[in-house]
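Everything below concerns the one structure shown next.
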Amino acid sequence: MNIVRPIKSVDDLANAGLVSDRDRQALEEVAARYAIALTPTVTKLIDRTDAADPIARQFVPDIAELIATPEERADPIGDHAHSPVEGIVHRYPDRVLLKAVHVCPVYCRFCFRREMVGPQGLGTLEPAAMKAAFDYISSHPEIWEVILTGGDPLVLSSRRLDEITRELAAIDHVKIVRFHTRVPVVDPPKIDAALIAALKASGKTTYIALHANHPRELTSEARAACARLVDAGLVMISQSVLLKGVNDDAAVLADLMKAFVETRIKPYYLHHPDLAPGTSHFRLTIEEGQKIVSSLRGRISGLCQPAYILDIPGGYGKAVIGESAIRKSADGCFSVSDYRGGEHSYPPSE
């Protein structure tokens, strides 16, 4: 199919053959609550012959999103509890989130900020709010890193991004600027020379954290977009979410992490799914996740190993939850498991 326009409604999905007429009414209920958007790049990636296609599962709405469970919450990682001024989340001493925009080029069906993003969400920061956010960063010398997220900051124009990085360049104690984005994989042509130049803050180091969850997302076009960023001196790291029906398989996850490394992206975080409303159909148990992640040890290079992370509900920060390979034995020694499952003894310190 020659798809050249973004999909933004249930009608668009139906016209593209991505949802059935039987489900349309229920999906309109989903769309009334949670935004829909697929770029042409993403739409073309979907295998319509596969009812369980992992790309479609990430972006095409599902009536399961209408099912909320008691443990789910609108703000699962506690952004609001750590927001001293609009647009800023200051959860850790040396870094802040700057949420300049709450719009994305695509809307993930498992998004932990799904109550805040989209046309019905919190929108883009007004100039006065943006100034207050920069004033907050300037007045807190402990802030070493500013992380632009949202929303996807790379939906902004190059001119607007340049304004933001110029403001950050003028704050001496900020040394690292990080952008969290899906744009290189969902809209590769947007990564052009003007945008790349706008991402560079003079005197700072810029990191790009790329969100991708399945190796098929790293197309030749996406890899070329990432190469343009890396060749320009920007450092790339990855973020992925461990999702049932998408990448909850050791072989798929290994291929994804190897694809990142081949693209000169260092695997960084593999997130356990957050307790966002209507997302229980994506969540594995922590034990299932630990088993999958531990199987990567020895299967793939150390360059490819992500940290398995849980954002503690309520805003208490991240915890590494990968299964430990070592535990203390009753005799005072340690028992260490290798990647094949073998157990080995290690003596205690004197």
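Identifiers in this document derive from the order of the structure tokens: chains are assigned A, B, ..., residues are numbered from 1 separately in each chain, and ligands are numbered from 1 in order of occurrence.
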
When you look at stretch 145-157 of chain A with a cut-off of 9 Å (counting only C-alpha atoms), what residues show up, excluding the ones that are within fewer than 2 positions of it in the same chain? I need them as an mmCIF file with all heavy atoms, in the first residue's frame.
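The resulting file, part-v1.cif, is shown below:
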data_model
loop_
_atom_site.group_PDB
_atom_site.id
_atom_site.type_symbol
_atom_site.label_atom_id
_atom_site.label_comp_id
_atom_site.auth_asym_id
_atom_site.auth_seq_id
_atom_site.Cartn_x
_atom_site.Cartn_y
_atom_site.Cartn_z
ATOM 1 N N GLY A 87 6.213 21.547 33.537
ATOM 2 C CA GLY A 87 7.177 21.100 32.534
ATOM 3 C C GLY A 87 8.447 20.491 33.099
ATOM 4 O O GLY A 87 9.233 19.912 32.347
ATOM 5 N N ASP A 94 20.686 15.236 40.522
ATOM 6 C CA ASP A 94 21.543 15.847 39.505
ATOM 7 C C ASP A 94 20.916 15.954 38.116
ATOM 8 O O ASP A 94 21.588 16.320 37.160
ATOM 9 C CB ASP A 94 22.860 15.068 39.403
ATOM 10 C CG ASP A 94 22.694 13.700 38.747
ATOM 11 O OD1 ASP A 94 21.563 13.159 38.769
ATOM 12 O OD2 ASP A 94 23.692 13.163 38.224
ATOM 13 N N ARG A 95 19.625 15.643 37.983
ATOM 14 C CA ARG A 95 19.018 15.708 36.657
ATOM 15 C C ARG A 95 17.533 16.006 36.760
ATOM 16 O O ARG A 95 16.874 15.689 37.755
ATOM 17 C CB ARG A 95 19.245 14.421 35.874
ATOM 18 C CG ARG A 95 18.772 13.150 36.569
ATOM 19 C CD ARG A 95 19.558 11.965 36.017
ATOM 20 N NE ARG A 95 19.164 10.683 36.571
ATOM 21 C CZ ARG A 95 19.645 10.198 37.721
ATOM 22 N NH1 ARG A 95 20.471 10.908 38.458
ATOM 23 N NH2 ARG A 95 19.268 9.000 38.139
ATOM 24 N N VAL A 96 17.032 16.615 35.690
ATOM 25 C CA VAL A 96 15.604 16.915 35.602
ATOM 26 C C VAL A 96 15.084 16.490 34.239
ATOM 27 O O VAL A 96 15.835 16.429 33.252
ATOM 28 C CB VAL A 96 15.293 18.415 35.809
ATOM 29 C CG1 VAL A 96 15.657 18.859 37.210
ATOM 30 C CG2 VAL A 96 15.969 19.276 34.756
ATOM 31 N N LEU A 97 13.796 16.209 34.194
ATOM 32 C CA LEU A 97 13.086 16.081 32.927
ATOM 33 C C LEU A 97 12.552 17.448 32.548
ATOM 34 O O LEU A 97 12.021 18.178 33.393
ATOM 35 C CB LEU A 97 11.915 15.106 33.045
ATOM 36 C CG LEU A 97 12.186 13.677 33.536
ATOM 37 C CD1 LEU A 97 10.886 12.870 33.496
ATOM 38 C CD2 LEU A 97 13.270 13.005 32.726
ATOM 39 N N LEU A 98 12.669 17.782 31.273
ATOM 40 C CA LEU A 98 12.044 18.971 30.723
ATOM 41 C C LEU A 98 11.027 18.500 29.685
ATOM 42 O O LEU A 98 11.400 17.982 28.633
ATOM 43 C CB LEU A 98 13.085 19.893 30.093
ATOM 44 C CG LEU A 98 12.551 21.115 29.331
ATOM 45 C CD1 LEU A 98 11.657 21.977 30.212
ATOM 46 C CD2 LEU A 98 13.711 21.932 28.755
ATOM 47 N N LYS A 99 9.758 18.621 30.017
ATOM 48 C CA LYS A 99 8.690 18.151 29.139
ATOM 49 C C LYS A 99 8.132 19.352 28.367
ATOM 50 O O LYS A 99 7.153 19.975 28.754
ATOM 51 C CB LYS A 99 7.606 17.440 29.945
ATOM 52 C CG LYS A 99 8.143 16.207 30.674
ATOM 53 C CD LYS A 99 7.036 15.291 31.152
ATOM 54 C CE LYS A 99 6.286 15.845 32.323
ATOM 55 N NZ LYS A 99 5.294 14.890 32.850
ATOM 56 N N ALA A 100 8.825 19.672 27.262
ATOM 57 C CA ALA A 100 8.470 20.852 26.468
ATOM 58 C C ALA A 100 7.206 20.625 25.658
ATOM 59 O O ALA A 100 6.503 21.585 25.324
ATOM 60 C CB ALA A 100 9.625 21.220 25.545
ATOM 61 N N VAL A 101 6.912 19.386 25.345
ATOM 62 C CA VAL A 101 5.775 19.080 24.469
ATOM 63 C C VAL A 101 5.185 17.739 24.889
ATOM 64 O O VAL A 101 5.907 16.844 25.338
ATOM 65 C CB VAL A 101 6.236 19.064 22.990
ATOM 66 C CG1 VAL A 101 7.251 17.970 22.741
ATOM 67 C CG2 VAL A 101 5.061 18.918 22.034
ATOM 68 N N HIS A 102 3.868 17.612 24.759
ATOM 69 C CA HIS A 102 3.192 16.364 25.111
ATOM 70 C C HIS A 102 2.518 15.739 23.887
ATOM 71 O O HIS A 102 1.471 15.100 23.982
ATOM 72 C CB HIS A 102 2.169 16.614 26.221
ATOM 73 C CG HIS A 102 2.802 16.854 27.549
ATOM 74 N ND1 HIS A 102 3.273 18.082 27.935
ATOM 75 C CD2 HIS A 102 3.088 16.001 28.581
ATOM 76 C CE1 HIS A 102 3.786 17.997 29.145
ATOM 77 N NE2 HIS A 102 3.697 16.751 29.558
ATOM 78 N N VAL A 103 3.152 15.929 22.741
ATOM 79 C CA VAL A 103 2.668 15.363 21.475
ATOM 80 C C VAL A 103 3.726 14.408 20.956
ATOM 81 O O VAL A 103 4.918 14.617 21.166
ATOM 82 C CB VAL A 103 2.404 16.488 20.450
ATOM 83 C CG1 VAL A 103 1.957 15.916 19.113
ATOM 84 C CG2 VAL A 103 1.357 17.459 20.986
ATOM 85 N N CYS A 104 3.281 13.343 20.281
ATOM 86 C CA CYS A 104 4.201 12.350 19.716
ATOM 87 C C CYS A 104 3.847 12.102 18.245
ATOM 88 O O CYS A 104 2.691 12.266 17.846
ATOM 89 C CB CYS A 104 4.092 11.030 20.468
ATOM 90 S SG CYS A 104 4.510 11.121 22.226
ATOM 91 N N PRO A 105 4.821 11.650 17.449
ATOM 92 C CA PRO A 105 4.504 11.269 16.070
ATOM 93 C C PRO A 105 3.713 9.967 15.997
ATOM 94 O O PRO A 105 2.987 9.717 15.036
ATOM 95 C CB PRO A 105 5.877 11.126 15.420
ATOM 96 C CG PRO A 105 6.795 10.790 16.552
ATOM 97 C CD PRO A 105 6.250 11.502 17.762
ATOM 98 N N ARG A 113 2.624 7.531 30.033
ATOM 99 C CA ARG A 113 2.084 8.889 30.142
ATOM 100 C C ARG A 113 0.846 9.049 29.261
ATOM 101 O O ARG A 113 0.511 10.149 28.829
ATOM 102 C CB ARG A 113 3.147 9.921 29.752
ATOM 103 C CG ARG A 113 4.289 10.019 30.749
ATOM 104 C CD ARG A 113 5.118 11.280 30.530
ATOM 105 N NE ARG A 113 6.185 11.350 31.523
ATOM 106 C CZ ARG A 113 7.493 11.277 31.243
ATOM 107 N NH1 ARG A 113 7.878 11.163 29.976
ATOM 108 N NH2 ARG A 113 8.387 11.348 32.201
ATOM 109 N N MET A 116 -1.520 11.867 29.675
ATOM 110 C CA MET A 116 -0.987 13.230 29.569
ATOM 111 C C MET A 116 -0.670 13.648 28.140
ATOM 112 O O MET A 116 -0.558 14.844 27.865
ATOM 113 C CB MET A 116 0.301 13.343 30.404
ATOM 114 C CG MET A 116 0.178 12.862 31.830
ATOM 115 S SD MET A 116 1.805 12.854 32.656
ATOM 116 C CE MET A 116 1.477 11.733 34.020
ATOM 117 N N VAL A 117 -0.488 12.680 27.237
ATOM 118 C CA VAL A 117 -0.033 13.005 25.888
ATOM 119 C C VAL A 117 -1.192 12.989 24.895
ATOM 120 O O VAL A 117 -2.264 12.458 25.170
ATOM 121 C CB VAL A 117 1.065 12.030 25.414
ATOM 122 C CG1 VAL A 117 2.270 12.102 26.321
ATOM 123 C CG2 VAL A 117 0.539 10.594 25.326
ATOM 124 N N GLY A 118 -0.918 13.587 23.726
ATOM 125 C CA GLY A 118 -1.910 13.595 22.658
ATOM 126 C C GLY A 118 -2.665 14.903 22.580
ATOM 127 O O GLY A 118 -2.471 15.813 23.394
ATOM 128 N N GLY A 123 -0.459 19.301 26.156
ATOM 129 C CA GLY A 123 -0.063 20.264 25.137
ATOM 130 C C GLY A 123 1.410 20.638 25.193
ATOM 131 O O GLY A 123 2.240 19.955 25.783
ATOM 132 N N ILE A 137 15.875 25.536 36.259
ATOM 133 C CA ILE A 137 17.144 24.837 35.996
ATOM 134 C C ILE A 137 18.324 25.735 36.342
ATOM 135 O O ILE A 137 19.299 25.295 36.973
ATOM 136 C CB ILE A 137 17.200 24.399 34.512
ATOM 137 C CG1 ILE A 137 16.096 23.362 34.209
ATOM 138 C CG2 ILE A 137 18.570 23.810 34.174
ATOM 139 C CD1 ILE A 137 15.889 23.088 32.726
ATOM 140 N N ILE A 143 21.874 20.596 39.140
ATOM 141 C CA ILE A 143 21.359 19.957 37.917
ATOM 142 C C ILE A 143 22.472 19.877 36.883
ATOM 143 O O ILE A 143 22.904 20.881 36.320
ATOM 144 C CB ILE A 143 20.138 20.715 37.364
ATOM 145 C CG1 ILE A 143 18.986 20.670 38.360
ATOM 146 C CG2 ILE A 143 19.707 20.108 36.016
ATOM 147 C CD1 ILE A 143 17.789 21.513 37.963
ATOM 148 N N ARG A 159 13.866 24.989 14.450
ATOM 149 C CA ARG A 159 13.991 26.327 15.035
ATOM 150 C C ARG A 159 13.677 26.299 16.520
ATOM 151 O O ARG A 159 14.409 26.877 17.330
ATOM 152 C CB ARG A 159 13.053 27.302 14.318
ATOM 153 C CG ARG A 159 13.071 28.725 14.907
ATOM 154 C CD ARG A 159 11.932 29.562 14.369
ATOM 155 N NE ARG A 159 10.638 29.003 14.709
ATOM 156 C CZ ARG A 159 10.059 29.155 15.901
ATOM 157 N NH1 ARG A 159 10.673 29.807 16.880
ATOM 158 N NH2 ARG A 159 8.871 28.614 16.128
ATOM 159 N N ARG A 160 12.609 25.598 16.877
ATOM 160 C CA ARG A 160 12.212 25.544 18.287
ATOM 161 C C ARG A 160 13.225 24.759 19.115
ATOM 162 O O ARG A 160 13.565 25.137 20.241
ATOM 163 C CB ARG A 160 10.816 24.907 18.395
ATOM 164 C CG ARG A 160 10.213 25.011 19.768
ATOM 165 C CD ARG A 160 9.794 26.446 20.073
ATOM 166 N NE ARG A 160 9.411 26.590 21.484
ATOM 167 C CZ ARG A 160 10.236 26.964 22.443
ATOM 168 N NH1 ARG A 160 11.514 27.233 22.178
ATOM 169 N NH2 ARG A 160 9.813 27.089 23.677
ATOM 170 N N LEU A 161 13.736 23.662 18.573
ATOM 171 C CA LEU A 161 14.747 22.885 19.283
ATOM 172 C C LEU A 161 16.019 23.703 19.465
ATOM 173 O O LEU A 161 16.661 23.640 20.523
ATOM 174 C CB LEU A 161 15.051 21.590 18.514
ATOM 175 C CG LEU A 161 13.973 20.508 18.578
ATOM 176 C CD1 LEU A 161 14.241 19.423 17.549
ATOM 177 C CD2 LEU A 161 13.894 19.895 19.973
ATOM 178 N N ASP A 162 16.373 24.480 18.454
ATOM 179 C CA ASP A 162 17.560 25.318 18.556
ATOM 180 C C ASP A 162 17.406 26.351 19.676
ATOM 181 O O ASP A 162 18.357 26.632 20.415
ATOM 182 C CB ASP A 162 17.818 26.021 17.221
ATOM 183 C CG ASP A 162 19.095 26.832 17.235
ATOM 184 O OD1 ASP A 162 20.171 26.236 17.364
ATOM 185 O OD2 ASP A 162 19.012 28.073 17.143
ATOM 186 N N LEU A 168 19.809 26.153 27.117
ATOM 187 C CA LEU A 168 20.556 25.229 27.969
ATOM 188 C C LEU A 168 22.060 25.474 27.873
ATOM 189 O O LEU A 168 22.791 25.326 28.858
ATOM 190 C CB LEU A 168 20.221 23.790 27.597
ATOM 191 C CG LEU A 168 18.767 23.366 27.863
ATOM 192 C CD1 LEU A 168 18.510 21.967 27.308
ATOM 193 C CD2 LEU A 168 18.444 23.419 29.348
ATOM 194 N N HIS A 173 26.174 25.119 34.681
ATOM 195 C CA HIS A 173 26.257 23.866 35.434
ATOM 196 C C HIS A 173 25.605 22.690 34.713
ATOM 197 O O HIS A 173 25.795 21.546 35.111
ATOM 198 C CB HIS A 173 25.661 24.023 36.842
ATOM 199 C CG HIS A 173 24.245 24.519 36.858
ATOM 200 N ND1 HIS A 173 23.933 25.857 37.034
ATOM 201 C CD2 HIS A 173 23.061 23.875 36.736
ATOM 202 C CE1 HIS A 173 22.611 25.999 37.025
ATOM 203 N NE2 HIS A 173 22.066 24.804 36.855
ATOM 204 N N VAL A 174 24.834 22.928 33.678
ATOM 205 C CA VAL A 174 24.283 21.833 32.875
ATOM 206 C C VAL A 174 25.371 21.366 31.907
ATOM 207 O O VAL A 174 25.894 22.159 31.119
ATOM 208 C CB VAL A 174 23.034 22.280 32.096
ATOM 209 C CG1 VAL A 174 22.595 21.190 31.109
ATOM 210 C CG2 VAL A 174 21.894 22.600 33.060
ATOM 211 N N LYS A 175 25.725 20.110 31.984
ATOM 212 C CA LYS A 175 26.787 19.570 31.135
ATOM 213 C C LYS A 175 26.269 18.566 30.093
ATOM 214 O O LYS A 175 26.901 18.360 29.068
ATOM 215 C CB LYS A 175 27.852 18.874 31.997
ATOM 216 C CG LYS A 175 28.478 19.773 33.064
ATOM 217 C CD LYS A 175 29.174 20.985 32.470
ATOM 218 C CE LYS A 175 29.834 21.838 33.548
ATOM 219 N NZ LYS A 175 30.413 23.085 32.980
ATOM 220 N N ILE A 176 25.144 17.926 30.405
ATOM 221 C CA ILE A 176 24.607 16.876 29.540
ATOM 222 C C ILE A 176 23.180 17.241 29.147
ATOM 223 O O ILE A 176 22.364 17.595 30.006
ATOM 224 C CB ILE A 176 24.593 15.503 30.243
ATOM 225 C CG1 ILE A 176 25.985 15.147 30.776
ATOM 226 C CG2 ILE A 176 24.068 14.413 29.309
ATOM 227 C CD1 ILE A 176 27.046 14.940 29.720
ATOM 228 N N VAL A 177 22.887 17.132 27.850
ATOM 229 C CA VAL A 177 21.528 17.312 27.343
ATOM 230 C C VAL A 177 21.134 16.005 26.661
ATOM 231 O O VAL A 177 21.849 15.500 25.784
ATOM 232 C CB VAL A 177 21.442 18.480 26.344
ATOM 233 C CG1 VAL A 177 20.013 18.624 25.814
ATOM 234 C CG2 VAL A 177 21.906 19.787 26.997
ATOM 235 N N ARG A 178 20.005 15.452 27.102
ATOM 236 C CA ARG A 178 19.556 14.164 26.560
ATOM 237 C C ARG A 178 18.160 14.303 25.977
ATOM 238 O O ARG A 178 17.282 14.913 26.586
ATOM 239 C CB ARG A 178 19.554 13.106 27.671
ATOM 240 C CG ARG A 178 19.387 11.680 27.140
ATOM 241 C CD ARG A 178 18.962 10.659 28.184
ATOM 242 N NE ARG A 178 19.565 10.742 29.493
ATOM 243 C CZ ARG A 178 19.199 9.948 30.507
ATOM 244 N NH1 ARG A 178 18.233 9.049 30.335
ATOM 245 N NH2 ARG A 178 19.754 10.079 31.689
ATOM 246 N N PHE A 179 17.958 13.726 24.794
ATOM 247 C CA PHE A 179 16.647 13.714 24.145
ATOM 248 C C PHE A 179 16.130 12.287 24.096
ATOM 249 O O PHE A 179 16.835 11.385 23.642
ATOM 250 C CB PHE A 179 16.747 14.254 22.713
ATOM 251 C CG PHE A 179 17.102 15.714 22.615
ATOM 252 C CD1 PHE A 179 18.428 16.111 22.612
ATOM 253 C CD2 PHE A 179 16.107 16.680 22.529
ATOM 254 C CE1 PHE A 179 18.762 17.458 22.522
ATOM 255 C CE2 PHE A 179 16.429 18.025 22.432
ATOM 256 C CZ PHE A 179 17.762 18.416 22.432
ATOM 257 N N HIS A 180 14.889 12.071 24.541
ATOM 258 C CA HIS A 180 14.237 10.769 24.422
ATOM 259 C C HIS A 180 13.270 10.821 23.238
ATOM 260 O O HIS A 180 12.391 11.687 23.189
ATOM 261 C CB HIS A 180 13.471 10.446 25.700
ATOM 262 C CG HIS A 180 14.348 10.041 26.839
ATOM 263 N ND1 HIS A 180 13.865 9.454 27.991
ATOM 264 C CD2 HIS A 180 15.691 10.118 27.013
ATOM 265 C CE1 HIS A 180 14.867 9.195 28.808
ATOM 266 N NE2 HIS A 180 15.980 9.595 28.240
ATOM 267 N N THR A 181 13.429 9.881 22.309
ATOM 268 C CA THR A 181 12.669 9.995 21.063
ATOM 269 C C THR A 181 12.446 8.651 20.392
ATOM 270 O O THR A 181 13.189 7.696 20.609
ATOM 271 C CB THR A 181 13.417 10.928 20.088
ATOM 272 O OG1 THR A 181 12.633 11.133 18.917
ATOM 273 C CG2 THR A 181 14.779 10.352 19.692
ATOM 274 N N ARG A 182 11.410 8.615 19.568
ATOM 275 C CA ARG A 182 11.176 7.508 18.649
ATOM 276 C C ARG A 182 11.379 7.950 17.196
ATOM 277 O O ARG A 182 11.336 7.124 16.282
ATOM 278 C CB ARG A 182 9.725 7.003 18.803
ATOM 279 C CG ARG A 182 9.578 5.759 19.687
ATOM 280 C CD ARG A 182 8.204 5.180 19.472
ATOM 281 N NE ARG A 182 7.866 4.011 20.213
ATOM 282 C CZ ARG A 182 8.166 2.755 19.860
ATOM 283 N NH1 ARG A 182 8.906 2.543 18.793
ATOM 284 N NH2 ARG A 182 7.742 1.750 20.588
ATOM 285 N N VAL A 183 11.582 9.227 16.958
ATOM 286 C CA VAL A 183 11.563 9.774 15.599
ATOM 287 C C VAL A 183 12.506 9.060 14.631
ATOM 288 O O VAL A 183 12.110 8.773 13.490
ATOM 289 C CB VAL A 183 11.810 11.298 15.619
ATOM 290 C CG1 VAL A 183 12.103 11.828 14.211
ATOM 291 C CG2 VAL A 183 10.591 12.013 16.198
ATOM 292 N N LYS A 190 12.926 12.916 9.003
ATOM 293 C CA LYS A 190 12.966 14.135 9.816
ATOM 294 C C LYS A 190 14.357 14.384 10.398
ATOM 295 O O LYS A 190 14.682 15.510 10.800
ATOM 296 C CB LYS A 190 11.928 14.060 10.945
ATOM 297 C CG LYS A 190 11.662 15.418 11.614
ATOM 298 C CD LYS A 190 10.510 15.368 12.586
ATOM 299 C CE LYS A 190 10.046 16.753 12.993
ATOM 300 N NZ LYS A 190 11.076 17.567 13.641
ATOM 301 N N ILE A 191 15.190 13.346 10.444
ATOM 302 C CA ILE A 191 16.536 13.510 10.982
ATOM 303 C C ILE A 191 17.427 14.081 9.868
ATOM 304 O O ILE A 191 18.160 13.367 9.184
ATOM 305 C CB ILE A 191 17.096 12.172 11.511
ATOM 306 C CG1 ILE A 191 16.109 11.528 12.487
ATOM 307 C CG2 ILE A 191 18.446 12.387 12.185
ATOM 308 C CD1 ILE A 191 15.792 12.357 13.713
ATOM 309 N N LEU A 195 17.890 19.643 11.822
ATOM 310 C CA LEU A 195 17.493 19.111 13.131
ATOM 311 C C LEU A 195 18.714 18.675 13.932
ATOM 312 O O LEU A 195 18.811 18.955 15.130
ATOM 313 C CB LEU A 195 16.519 17.950 12.947
ATOM 314 C CG LEU A 195 15.966 17.372 14.254
ATOM 315 C CD1 LEU A 195 14.490 17.054 14.130
ATOM 316 C CD2 LEU A 195 16.728 16.113 14.672
#

| task | Report the residues of stretch 83-187 of chain A whose backbone DSSP state falls under alpha helix (DSSP H), written as JSON, numbers by chain. | result | {"A": [127, 128, 129, 130, 131, 132, 133, 134, 135, 136, 137, 138, 158, 159, 160, 161, 162, 163, 164, 165, 166, 167, 168, 169, 183, 184, 185, 186]}

Got a sec: who's within 7 Å of stretch 4-12 of chain A, counting only C-alpha atoms, leaving out chain neighbours fewer than 3 positions off, as a compact mmCIF listing (two decimals) with N, CA, C and O atoms, in the first residue's frame?
# COMPACT_ATOMS: atom_id res chain seq x y z
N ASN A 15 -9.65 2.26 6.99
CA ASN A 15 -9.34 2.47 5.57
C ASN A 15 -8.01 1.83 5.18
O ASN A 15 -7.83 1.45 4.01
N ALA A 16 -7.10 1.73 6.15
CA ALA A 16 -5.81 1.11 5.88
C ALA A 16 -5.85 -0.41 6.08
O ALA A 16 -4.83 -1.09 5.92
N ARG A 24 -14.95 -1.55 15.33
CA ARG A 24 -14.85 -0.09 15.20
C ARG A 24 -15.54 0.67 16.33
O ARG A 24 -14.99 1.63 16.85
N LEU A 27 -13.50 0.49 19.45
CA LEU A 27 -12.25 1.23 19.30
C LEU A 27 -12.48 2.73 19.33
O LEU A 27 -11.58 3.49 19.71
N GLU A 28 -13.67 3.17 18.94
CA GLU A 28 -13.98 4.60 19.09
C GLU A 28 -13.97 5.00 20.56
O GLU A 28 -13.59 6.12 20.90
N ILE A 36 -4.48 8.33 19.03
CA ILE A 36 -4.03 7.39 18.00
C ILE A 36 -3.15 8.16 17.02
O ILE A 36 -3.52 9.26 16.57
N ALA A 37 -2.01 7.61 16.67
CA ALA A 37 -1.19 8.16 15.58
C ALA A 37 -0.19 7.10 15.14
O ALA A 37 0.49 6.49 15.97
N LEU A 38 -0.16 6.87 13.83
CA LEU A 38 0.85 6.02 13.20
C LEU A 38 1.42 6.81 12.04
O LEU A 38 0.67 7.38 11.24
N THR A 39 2.72 6.85 11.92
CA THR A 39 3.34 7.49 10.76
C THR A 39 3.28 6.53 9.57
O THR A 39 3.12 5.32 9.75
N PRO A 40 3.42 7.05 8.35
CA PRO A 40 3.48 6.15 7.19
C PRO A 40 4.57 5.10 7.32
O PRO A 40 4.37 3.95 6.92

| message | Set the distance at 10 Å and use only C-alpha atoms: which residues neighbour stretch 237-248 of chain A once local chain neighbours fewer than 4 positions away are removed? I'd like the list as a ChimeraX atom specification. | response | /A:52-58,110-111,178,180-182,207-215,252-257,260-261,264-274,280-285,288-289,292-293,306-309

| message | Show me, as a PyMOL selection string, the residues that have an atom within 10 Å of A:Lys318 when counting only C-alpha atoms, minus same-chain residues fewer than 2 positions from it. | response | chain A and resi 77+271+308-313+315-316+320-321

| said: At a cut-off of 7 Å, using only C-alpha atoms, what residues contact A:Glu65? Leave out same-chain residues fewer than 6 positions from it and give the result as a ChimeraX atom specification. | reply: /A:30,278-279

Include all heavy atoms and write out the residues we just selected as a CSV table (one decimal), in the first residue's frame.
chain,number,residue,atom,x,y,z
A,30,VAL,N,-12.0,3.6,22.8
A,30,VAL,CA,-10.6,3.7,23.1
A,30,VAL,C,-10.0,5.1,22.6
A,30,VAL,O,-9.3,5.8,23.3
A,30,VAL,CB,-9.8,2.6,22.5
A,30,VAL,CG1,-8.3,2.7,22.7
A,30,VAL,CG2,-10.3,1.2,23.0
A,278,GLY,N,-5.3,0.5,31.4
A,278,GLY,CA,-5.6,-0.2,30.2
A,278,GLY,C,-4.4,-0.9,29.5
A,278,GLY,O,-4.5,-1.2,28.3
A,279,THR,N,-3.4,-1.2,30.3
A,279,THR,CA,-2.2,-1.8,29.7
A,279,THR,C,-1.8,-3.2,30.2
A,279,THR,O,-0.7,-3.7,30.0
A,279,THR,CB,-0.9,-0.9,29.8
A,279,THR,OG1,-0.6,-0.7,31.2
A,279,THR,CG2,-1.2,0.5,29.2
